[in-house]
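Asker: Got a structure for you, final.cif, holding mmCIF, C-alpha atoms.
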data_entry
#
loop_
_atom_site.label_atom_id
_atom_site.label_comp_id
_atom_site.auth_asym_id
_atom_site.auth_seq_id
_atom_site.Cartn_x
_atom_site.Cartn_y
_atom_site.Cartn_z
CA MET Q 1 -122.39 -78.75 53.97
CA LEU Q 2 -120.51 -81.10 56.29
CA MET Q 3 -117.01 -79.65 55.86
CA PRO Q 4 -118.08 -76.06 56.74
CA ILE Q 5 -119.83 -77.44 59.84
CA MET Q 6 -116.68 -79.21 61.00
CA ILE Q 7 -114.37 -76.29 60.16
CA LEU Q 8 -116.55 -73.78 61.99
CA ARG Q 9 -116.80 -76.08 65.01
CA LEU Q 10 -113.00 -76.35 65.07
CA ALA Q 11 -112.68 -72.55 64.85
CA ALA Q 12 -115.30 -72.08 67.58
CA ARG Q 13 -113.30 -74.21 69.97
CA ASP Q 14 -110.10 -72.24 69.19
CA GLU Q 15 -108.10 -74.89 67.38
CA PRO Q 16 -104.85 -73.41 65.96
CA SER Q 17 -104.95 -72.09 62.39
CA TRP Q 18 -102.44 -74.70 61.21
CA VAL Q 19 -104.70 -77.50 62.51
CA ILE Q 20 -107.69 -76.04 60.65
CA GLY Q 21 -105.55 -75.63 57.54
CA PHE Q 22 -104.38 -79.24 57.53
CA PHE Q 23 -107.90 -80.42 58.30
CA GLY Q 24 -109.18 -78.60 55.22
CA ALA Q 25 -106.30 -80.10 53.22
CA THR Q 26 -107.19 -83.64 54.30
CA LEU Q 27 -110.28 -83.73 52.08
CA PHE Q 28 -108.21 -82.95 49.01
CA ILE Q 29 -105.38 -85.29 50.00
CA ALA Q 30 -107.93 -88.12 50.02
CA ILE Q 31 -109.26 -87.04 46.59
CA PHE Q 32 -105.64 -86.90 45.40
CA ILE Q 33 -105.09 -90.50 46.55
CA VAL Q 34 -108.23 -92.01 45.00
CA THR Q 35 -108.22 -90.40 41.54
CA PRO Q 36 -105.69 -92.79 39.90
CA PHE Q 37 -108.01 -95.70 40.76
CA ALA Q 38 -111.29 -94.20 39.54
CA ALA Q 39 -111.12 -95.72 36.05
CA VAL Q 40 -110.18 -99.12 37.46
CA CYS Q 41 -113.08 -99.05 39.92
CA THR Q 42 -115.54 -98.00 37.23
CA ARG Q 43 -114.36 -100.76 34.91
CA ARG Q 44 -114.60 -103.50 37.52
CA CYS Q 45 -117.75 -102.43 39.36
CA GLY Q 46 -119.69 -100.57 36.67
CA LEU Q 47 -120.82 -96.96 36.70
CA ARG Q 48 -124.03 -97.57 38.63
CA ALA Q 49 -122.34 -99.53 41.42
CA THR Q 50 -119.52 -96.96 41.63
CA TYR Q 51 -122.02 -94.13 42.06
CA ILE Q 52 -123.99 -96.02 44.71
CA LEU Q 53 -120.77 -96.74 46.61
CA SER Q 54 -119.55 -93.16 46.37
CA GLY Q 55 -122.97 -91.76 47.30
CA GLY Q 56 -123.68 -93.94 50.32
CA THR Q 57 -120.35 -94.22 52.11
CA PRO Q 58 -120.24 -90.53 53.19
CA LEU Q 59 -123.04 -91.41 55.61
CA LEU Q 60 -120.21 -92.90 57.68
CA ALA Q 61 -118.63 -89.43 57.96
CA VAL Q 62 -121.92 -87.99 59.21
CA ALA Q 63 -122.14 -90.75 61.82
CA ILE Q 64 -118.59 -90.03 63.01
CA VAL Q 65 -119.24 -86.32 63.53
CA LEU Q 66 -122.55 -87.11 65.22
CA THR Q 67 -121.02 -89.49 67.76
CA THR Q 68 -117.65 -87.94 68.64
CA SER Q 69 -115.84 -84.61 68.75
CA GLN Q 70 -112.34 -86.12 68.86
CA LEU Q 71 -110.07 -84.52 66.28
CA ALA Q 72 -108.55 -87.80 65.04
CA TRP Q 73 -111.97 -89.21 64.20
CA TRP Q 74 -112.91 -85.99 62.41
CA PHE Q 75 -109.83 -86.33 60.23
CA LEU Q 76 -111.06 -89.83 59.37
CA ALA Q 77 -114.45 -88.34 58.41
CA ALA Q 78 -112.71 -85.89 56.07
CA VAL Q 79 -110.78 -88.79 54.52
CA VAL Q 80 -114.03 -90.68 53.88
CA LEU Q 81 -115.59 -87.61 52.25
CA GLY Q 82 -112.55 -87.12 50.05
CA LEU Q 83 -112.10 -90.72 48.93
CA PHE Q 84 -115.66 -91.30 47.84
CA GLY Q 85 -116.32 -87.75 46.67
CA GLY Q 86 -113.25 -88.01 44.44
CA LEU Q 87 -114.47 -91.31 43.03
CA ARG Q 88 -117.74 -89.72 41.93
CA TRP Q 89 -116.06 -86.56 40.73
CA VAL Q 90 -113.84 -88.25 38.12
CA THR Q 91 -116.48 -90.51 36.61
CA ALA Q 92 -119.16 -87.82 36.41
CA GLU Q 93 -116.90 -85.26 34.75
CA ALA Q 94 -115.53 -87.72 32.21
CA TYR Q 95 -118.91 -88.99 31.05
CA VAL Q 96 -120.43 -85.51 30.73
CA ALA Q 97 -117.44 -84.28 28.71
CA GLU Q 98 -117.52 -87.28 26.39
CA LEU Q 99 -121.27 -87.26 25.72
CA ALA Q 100 -121.33 -83.53 24.97
CA PRO Q 101 -121.16 -82.66 21.22
CA ALA Q 102 -117.93 -80.88 20.33
CA ALA Q 103 -119.56 -77.71 18.99
CA ARG Q 104 -121.45 -77.13 22.25
CA ARG Q 105 -119.12 -78.78 24.74
CA GLY Q 106 -118.33 -75.52 26.50
CA VAL Q 107 -121.97 -74.66 27.15
CA ILE Q 108 -122.89 -78.19 28.25
CA ILE Q 109 -119.96 -78.55 30.64
CA GLY Q 110 -120.74 -75.05 31.89
CA ALA Q 111 -124.34 -76.09 32.57
CA PHE Q 112 -123.18 -79.20 34.43
CA GLU Q 113 -120.71 -77.20 36.53
CA THR Q 114 -123.53 -74.72 37.25
CA MET Q 115 -125.50 -77.56 38.85
CA VAL Q 116 -122.44 -78.56 40.87
CA GLY Q 117 -121.93 -74.94 41.90
CA ALA Q 118 -125.53 -74.74 43.07
CA CYS Q 119 -124.77 -77.45 45.61
CA PHE Q 120 -121.90 -75.37 47.00
CA VAL Q 121 -124.37 -72.55 47.48
CA VAL Q 122 -127.20 -74.54 49.03
CA GLY Q 123 -125.01 -76.49 51.47
CA PRO Q 124 -123.48 -73.54 53.35
CA LEU Q 125 -126.82 -71.68 53.25
CA LEU Q 126 -128.38 -74.65 55.00
CA VAL Q 127 -125.64 -74.34 57.64
CA SER Q 128 -126.70 -70.73 58.19
CA TYR Q 129 -130.26 -72.02 58.71
CA SER Q 130 -129.46 -75.02 60.91
CA GLY Q 131 -126.50 -73.62 62.85
CA ILE Q 132 -123.38 -75.66 63.54
CA GLU Q 133 -124.20 -77.14 66.94
CA GLY Q 134 -126.26 -80.16 67.86
CA ALA Q 135 -127.68 -82.97 65.74
CA ARG Q 136 -129.95 -80.96 63.42
CA PRO Q 137 -127.33 -79.91 60.83
CA LEU Q 138 -125.96 -83.46 60.74
CA ALA Q 139 -129.46 -84.89 60.27
CA ILE Q 140 -129.89 -82.58 57.26
CA CYS Q 141 -126.56 -83.81 55.84
CA GLY Q 142 -127.66 -87.42 56.22
CA GLY Q 143 -131.04 -86.71 54.65
CA LEU Q 144 -129.43 -85.09 51.62
CA LEU Q 145 -127.15 -88.10 51.13
CA VAL Q 146 -130.13 -90.47 51.26
CA LEU Q 147 -131.99 -88.27 48.77
CA GLY Q 148 -128.97 -88.46 46.47
CA LEU Q 149 -129.04 -92.26 46.65
CA LEU Q 150 -132.71 -92.29 45.68
CA CYS Q 151 -131.85 -90.26 42.59
CA LEU Q 152 -129.64 -93.13 41.42
CA LEU Q 153 -132.57 -95.53 41.00
CA GLY Q 154 -132.98 -94.49 37.36
CA LEU Q 155 -129.27 -94.28 36.54
CA PRO Q 156 -128.68 -95.95 33.15
CA ALA Q 157 -126.04 -98.60 32.59
CA ILE Q 158 -123.13 -97.23 30.57
CA ALA Q 159 -120.33 -99.42 29.30
CA PRO Q 160 -117.12 -98.83 31.29
CA HIS Q 161 -113.90 -97.74 29.64
CA GLY Q 162 -110.79 -99.84 29.30
CA GLU Q 163 -108.41 -99.83 32.22
CA GLY Q 164 -105.08 -99.95 30.44
CA SER Q 165 -105.48 -96.96 28.14
CA ALA Q 166 -106.93 -94.89 30.96
CA ARG Q 167 -103.80 -95.48 33.00
CA ALA Q 168 -101.65 -94.40 30.08
CA ALA Q 169 -103.71 -91.24 29.62
CA PHE Q 170 -103.18 -90.37 33.27
CA THR Q 171 -99.52 -89.52 32.57
CA ARG Q 172 -100.12 -88.21 29.05
CA LEU Q 173 -101.84 -85.04 30.19
CA ALA Q 174 -98.81 -83.77 32.12
CA ARG Q 175 -96.55 -84.55 29.18
CA GLU Q 176 -98.74 -83.14 26.41
CA ARG Q 177 -100.50 -80.25 28.18
CA PRO Q 178 -98.46 -79.14 31.20
CA ALA Q 179 -100.20 -75.73 31.30
CA ILE Q 180 -103.52 -77.50 32.02
CA VAL Q 181 -101.92 -79.36 34.92
CA ILE Q 182 -100.55 -76.06 36.26
CA ALA Q 183 -103.97 -74.44 35.89
CA ALA Q 184 -105.61 -77.35 37.73
CA VAL Q 185 -103.16 -77.10 40.66
CA ILE Q 186 -103.74 -73.35 40.91
CA GLY Q 187 -107.50 -73.81 40.64
CA GLY Q 188 -107.46 -76.31 43.48
CA MET Q 189 -105.51 -73.94 45.71
CA LEU Q 190 -107.83 -71.04 44.85
CA GLU Q 191 -110.92 -73.06 45.75
CA SER Q 192 -109.80 -74.85 48.92
CA ALA Q 193 -107.92 -72.05 50.72
CA PRO Q 194 -110.84 -69.54 50.67
CA THR Q 195 -113.37 -72.29 51.46
CA THR Q 196 -111.36 -73.15 54.57
CA PHE Q 197 -110.27 -69.71 55.76
CA LEU Q 198 -112.78 -67.10 54.61
CA PRO Q 199 -115.22 -68.31 57.33
CA VAL Q 200 -112.36 -68.11 59.84
CA VAL Q 201 -111.60 -64.54 58.69
CA GLY Q 202 -115.30 -63.77 59.07
CA LEU Q 203 -115.31 -65.10 62.64
CA ALA Q 204 -112.20 -63.05 63.43
CA SER Q 205 -113.96 -59.92 62.16
CA GLY Q 206 -116.76 -60.47 64.67
CA ALA Q 207 -119.33 -62.23 62.50
CA ALA Q 208 -121.55 -64.97 63.95
CA ALA Q 209 -120.85 -68.56 62.93
CA ALA Q 210 -123.92 -68.71 60.68
CA THR Q 211 -122.86 -65.51 58.92
CA ALA Q 212 -119.30 -66.79 58.47
CA ALA Q 213 -120.67 -69.99 56.92
CA THR Q 214 -122.57 -67.87 54.42
CA LEU Q 215 -119.23 -66.69 53.00
CA VAL Q 216 -118.73 -70.24 51.72
CA ALA Q 217 -122.15 -70.00 50.08
CA VAL Q 218 -121.09 -66.75 48.40
CA LEU Q 219 -118.01 -68.54 47.03
CA GLY Q 220 -120.44 -71.10 45.64
CA VAL Q 221 -122.61 -68.36 44.14
CA GLY Q 222 -119.55 -67.05 42.30
CA GLY Q 223 -118.83 -70.49 40.92
CA PHE Q 224 -122.50 -70.96 40.10
CA ILE Q 225 -123.05 -67.78 38.08
CA CYS Q 226 -119.80 -67.92 36.10
CA GLN Q 227 -120.07 -71.40 34.58
CA LEU Q 228 -122.50 -70.80 31.72
CA PRO Q 229 -120.83 -67.53 30.61
CA VAL Q 230 -117.40 -69.20 30.79
CA GLY Q 231 -118.65 -72.16 28.77
CA HIS Q 232 -120.31 -69.86 26.24
CA TYR Q 233 -117.18 -67.78 25.65
CA ALA Q 234 -114.97 -70.90 25.64
CA ASP Q 235 -116.80 -71.96 22.46
CA LYS Q 236 -115.89 -68.61 20.86
CA PHE Q 237 -112.54 -67.32 22.18
CA ALA Q 238 -109.03 -68.54 22.97
CA LEU Q 239 -109.00 -70.47 26.24
CA GLU Q 240 -105.68 -68.98 27.36
CA ARG Q 241 -107.23 -65.52 27.40
CA LEU Q 242 -110.09 -66.72 29.58
CA PHE Q 243 -107.68 -68.45 31.98
CA ARG Q 244 -105.79 -65.20 32.43
CA ILE Q 245 -108.97 -63.17 33.02
CA CYS Q 246 -109.83 -65.55 35.87
CA LEU Q 247 -106.36 -65.17 37.38
CA TRP Q 248 -106.57 -61.36 37.22
CA GLY Q 249 -109.81 -61.69 39.20
CA VAL Q 250 -108.06 -63.73 41.88
CA LEU Q 251 -105.27 -61.15 42.11
CA ALA Q 252 -107.79 -58.32 42.46
CA GLY Q 253 -109.50 -60.18 45.30
CA GLY Q 254 -106.19 -60.85 47.06
CA LEU Q 255 -105.20 -57.20 46.97
CA THR Q 256 -108.65 -56.12 48.16
CA LEU Q 257 -108.54 -58.57 51.06
CA VAL Q 258 -105.84 -56.43 52.67
CA ALA Q 259 -108.40 -53.64 52.99
CA ALA Q 260 -111.00 -56.09 54.36
CA VAL Q 261 -109.07 -56.11 57.63
CA GLU Q 262 -110.53 -52.65 58.22
CA TRP Q 263 -113.78 -53.07 56.20
CA PRO Q 264 -115.15 -56.61 56.70
CA VAL Q 265 -118.02 -55.91 54.29
CA LEU Q 266 -115.49 -56.38 51.48
CA LEU Q 267 -115.35 -60.10 52.29
CA TRP Q 268 -118.60 -60.64 50.39
CA PRO Q 269 -117.57 -59.30 46.96
CA ILE Q 270 -114.16 -60.94 47.39
CA ALA Q 271 -115.84 -64.30 48.02
CA LEU Q 272 -118.04 -63.80 44.95
CA LEU Q 273 -115.06 -62.90 42.76
CA TRP Q 274 -112.87 -65.78 43.99
CA GLY Q 275 -115.66 -68.30 43.59
CA ALA Q 276 -116.21 -67.20 39.99
CA ALA Q 277 -112.49 -67.22 39.16
CA ALA Q 278 -111.71 -70.62 40.72
CA GLY Q 279 -114.80 -72.21 39.16
CA GLY Q 280 -113.94 -70.70 35.80
CA ILE Q 281 -110.39 -72.10 35.86
CA TYR Q 282 -111.63 -75.65 36.50
CA THR Q 283 -114.37 -75.43 33.85
CA LEU Q 284 -111.90 -74.14 31.25
CA ALA Q 285 -109.49 -76.98 32.07
CA MET Q 286 -112.27 -79.56 31.70
CA ILE Q 287 -113.37 -78.06 28.37
CA THR Q 288 -109.77 -78.19 27.13
CA ILE Q 289 -109.33 -81.90 27.80
CA GLY Q 290 -112.85 -82.61 26.52
CA HIS Q 291 -111.72 -81.21 23.16
CA ALA Q 292 -108.41 -83.06 23.24
CA TYR Q 293 -109.34 -86.58 24.40
CA SER Q 294 -112.12 -89.13 24.12
CA GLY Q 295 -113.06 -92.59 25.43
CA ALA Q 296 -110.63 -94.20 27.84
CA ASN Q 297 -108.11 -91.44 27.23
CA LEU Q 298 -110.67 -88.92 28.49
CA VAL Q 299 -111.24 -90.90 31.70
CA GLY Q 300 -107.50 -90.99 32.33
CA ALA Q 301 -107.06 -87.32 31.45
CA THR Q 302 -109.94 -86.37 33.73
CA ALA Q 303 -108.36 -88.40 36.54
CA ALA Q 304 -105.08 -86.57 35.93
CA LEU Q 305 -106.89 -83.22 36.00
CA VAL Q 306 -108.67 -84.03 39.27
CA PHE Q 307 -105.39 -85.41 40.65
CA ALA Q 308 -103.64 -82.10 39.95
CA TYR Q 309 -106.62 -80.08 41.21
CA SER Q 310 -106.64 -82.10 44.43
CA LEU Q 311 -102.91 -81.58 44.87
CA GLY Q 312 -103.57 -77.85 44.76
CA GLY Q 313 -106.60 -78.31 47.00
CA ALA Q 314 -104.48 -80.08 49.59
CA ALA Q 315 -101.69 -77.49 49.42
CA GLY Q 316 -103.98 -74.44 49.60
CA PRO Q 317 -105.35 -74.72 53.17
CA ALA Q 318 -102.06 -76.04 54.53
CA LEU Q 319 -100.07 -73.14 53.06
CA ALA Q 320 -102.77 -70.64 54.07
CA GLY Q 321 -102.71 -71.91 57.66
CA LEU Q 322 -98.93 -71.48 57.80
CA ALA Q 323 -99.14 -68.03 56.16
CA ILE Q 324 -101.76 -66.84 58.65
CA GLY Q 325 -99.69 -68.20 61.51
CA ALA Q 326 -96.66 -66.24 60.27
CA ALA Q 327 -98.56 -63.02 59.44
CA PRO Q 328 -102.11 -63.05 60.89
CA ALA Q 329 -103.29 -59.89 59.12
CA TYR Q 330 -101.65 -60.20 55.71
CA GLY Q 331 -100.49 -63.79 55.24
CA PHE Q 332 -103.68 -65.02 53.56
CA PRO Q 333 -104.09 -62.20 51.00
CA ALA Q 334 -100.36 -62.38 50.24
CA LEU Q 335 -100.61 -66.10 49.51
CA MET Q 336 -103.66 -65.74 47.25
CA SER Q 337 -102.05 -62.88 45.34
CA ALA Q 338 -98.80 -64.83 44.91
CA VAL Q 339 -100.66 -67.85 43.51
CA ALA Q 340 -102.48 -65.63 40.99
CA VAL Q 341 -99.24 -63.96 39.89
CA LEU Q 342 -97.59 -67.37 39.48
CA GLY Q 343 -100.46 -68.49 37.25
CA LEU Q 344 -100.24 -65.34 35.12
CA LEU Q 345 -96.53 -65.95 34.61
CA LEU Q 346 -96.92 -69.63 33.67
CA ILE Q 347 -100.10 -69.64 31.56
CA ARG Q 348 -99.17 -67.84 28.36
CA GLU Q 349 -100.72 -67.53 24.89
CA ARG Q 350 -100.97 -70.90 23.06
CA SER Q 351 -99.79 -72.71 26.21
CA VAL Q 352 -102.98 -74.80 26.54
#
As a first step, turn the structure in this file into structure tokens.

Answerer:
Amino acid sequence: MLMPIMILRLAARDEPSWVIGFFGATLFIAIFIVTPFAAVCTRRCGLRATYILSGGTPLLAVAIVLTTSQLAWWFLAAVVLGLFGGLRWVTAEAYVAELAPAARRGVIIGAFETMVGACFVVGPLLVSYSGIEGARPLAICGGLLVLGLLCLLGLPAIAPHGEGSARAAFTRLARERPAIVIAAVIGGMLESAPTTFLPVVGLASGAAAATAATLVAVLGVGGFICQLPVGHYADKFALERLFRICLWGVLAGGLTLVAAVEWPVLLWPIALLWGAAAGGIYTLAMITIGHAYSGANLVGATAALVFAYSLGGAAGPALAGLAIGAAPAYGFPALMSAVAVLGLLLIRERSV
């Protein structure tokens, strides 16, 4: 919820597209930085303490946005969100993947990602309810964070994984399964670039700020509805085929976005399709490493996956901002289409 608020406020005050792009990238740069240390932090502090730390510190970002509108401080808020969101991301994904039985791992991870996707729907929808100005949307953000902390009161103690083997697994994934790393980078780009710039495209087409924020919710709806079907079919079919279906969906959305310049109503199905495709790519990658690794190796492999995903997430908005600056009407769809084509060329049969 907080990132769409900040991005829409930046767009409303006419910040350049490259500034908005690098602002959206900052969140993922911070995730990129923290992921190698997630296993170490979990080992030293314990899972419960790590979750409390990662759940409470984002309140600082809310306080920053509430008290100042200076761009430098907002970049700091995005860094805080990325560092502690990334810390939670790695540990949660690794434990869910490990505890899931192998025969039903796809469905269980799909169900977990469905819950995550629901948050990406509810947050932007709340922005459409609260608006982007004033203290009310920020008060809702703070209240949700406090509610999340209360949910941790019953969190069970789980033995942490070893630090050394997790570090080794961090580099193993790139060596043993490079196609998964490529898929994670592409998935990060396909999630972060639309999340940052589809609302900006909506504003440029004449939509109100609340309506533009709803495009982010539609991206979340796409990610939400695809997870269980993707997990179900991942237990039955070759994962490479499912990866490529997702990439064809991204390419179809990129080509259609060219026509959305004249027909803005097309932004809604494009957002739905891109949300489903990007969410599907990440879920398939997580299922793949859940099958391949366990224990400390799984923590390290998950950190490597999130690391690669965050690299793509950082590159996506930055490249999209530069592409829009160079070609305002067609730069964004051209970039998204090129990323999809690159993925189709690199992810082949039996490559994962």

Asker: If the PyMOL selection byres ((chain Q and resi 24-38) around 9) were run on this exact file, what residues would it hold? Put them as number ranges by chain.

Answerer: Q: 3, 7, 19-23, 39-43, 50, 75-91, 167, 170, 188, 192-193, 195-197, 299-300, 302-304, 306-318

Asker: When distances are computed from all atoms listed in the file, which of Q:Ser69, Q:Ser17, Q:Thr57, Q:Thr171 shows the smallest separation from Asn297 in chain Q?

Answerer: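 Going through Q:Ser69, Q:Ser17, Q:Thr57, Q:Thr171 one by one, the smallest distance to Asn297 in chain Q is for Q:Thr171.
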
Asker: For range 331-340 of chain Q, work out the shell of residues within 8 Å, counting all atoms listed in the file and skipping chain neighbours fewer than 3 positions away, then give it as a VMD selection string.

Answerer: chain Q and resid 186 190 247 to 248 250 to 255 257 to 258 319 to 320 323 to 328 343 to 344

Asker: On this file, the PyMOL selection byres ((chain Q and resi 264) around 10) gives some set of residues; write that set as number ranges by chain.

Answerer: Q: 201-202, 204-207, 257, 259-263, 265-268

Asker: Running the PyMOL selection byres ((chain Q and resi 217) around 8) on this model by hand, what would come out? Give it as a PyMOL selection string.

Answerer: chain Q and resi 120-125+213-216+218-221

Asker: If you keep C-alpha atoms, can you produce a file of those selected residues as a PDB file, keeping the file's coordinate frame?

Answerer:
ATOM      1  CA  PHE Q 120    -121.900 -75.370  47.000  1.00  0.00           C
ATOM      2  CA  VAL Q 121    -124.370 -72.550  47.480  1.00  0.00           C
ATOM      3  CA  VAL Q 122    -127.200 -74.540  49.030  1.00  0.00           C
ATOM      4  CA  GLY Q 123    -125.010 -76.490  51.470  1.00  0.00           C
ATOM      5  CA  PRO Q 124    -123.480 -73.540  53.350  1.00  0.00           C
ATOM      6  CA  LEU Q 125    -126.820 -71.680  53.250  1.00  0.00           C
ATOM      7  CA  ALA Q 213    -120.670 -69.990  56.920  1.00  0.00           C
ATOM      8  CA  THR Q 214    -122.570 -67.870  54.420  1.00  0.00           C
ATOM      9  CA  LEU Q 215    -119.230 -66.690  53.000  1.00  0.00           C
ATOM     10  CA  VAL Q 216    -118.730 -70.240  51.720  1.00  0.00           C
ATOM     11  CA  VAL Q 218    -121.090 -66.750  48.400  1.00  0.00           C
ATOM     12  CA  LEU Q 219    -118.010 -68.540  47.030  1.00  0.00           C
ATOM     13  CA  GLY Q 220    -120.440 -71.100  45.640  1.00  0.00           C
ATOM     14  CA  VAL Q 221    -122.610 -68.360  44.140  1.00  0.00           C
TER      15      VAL Q 221
END
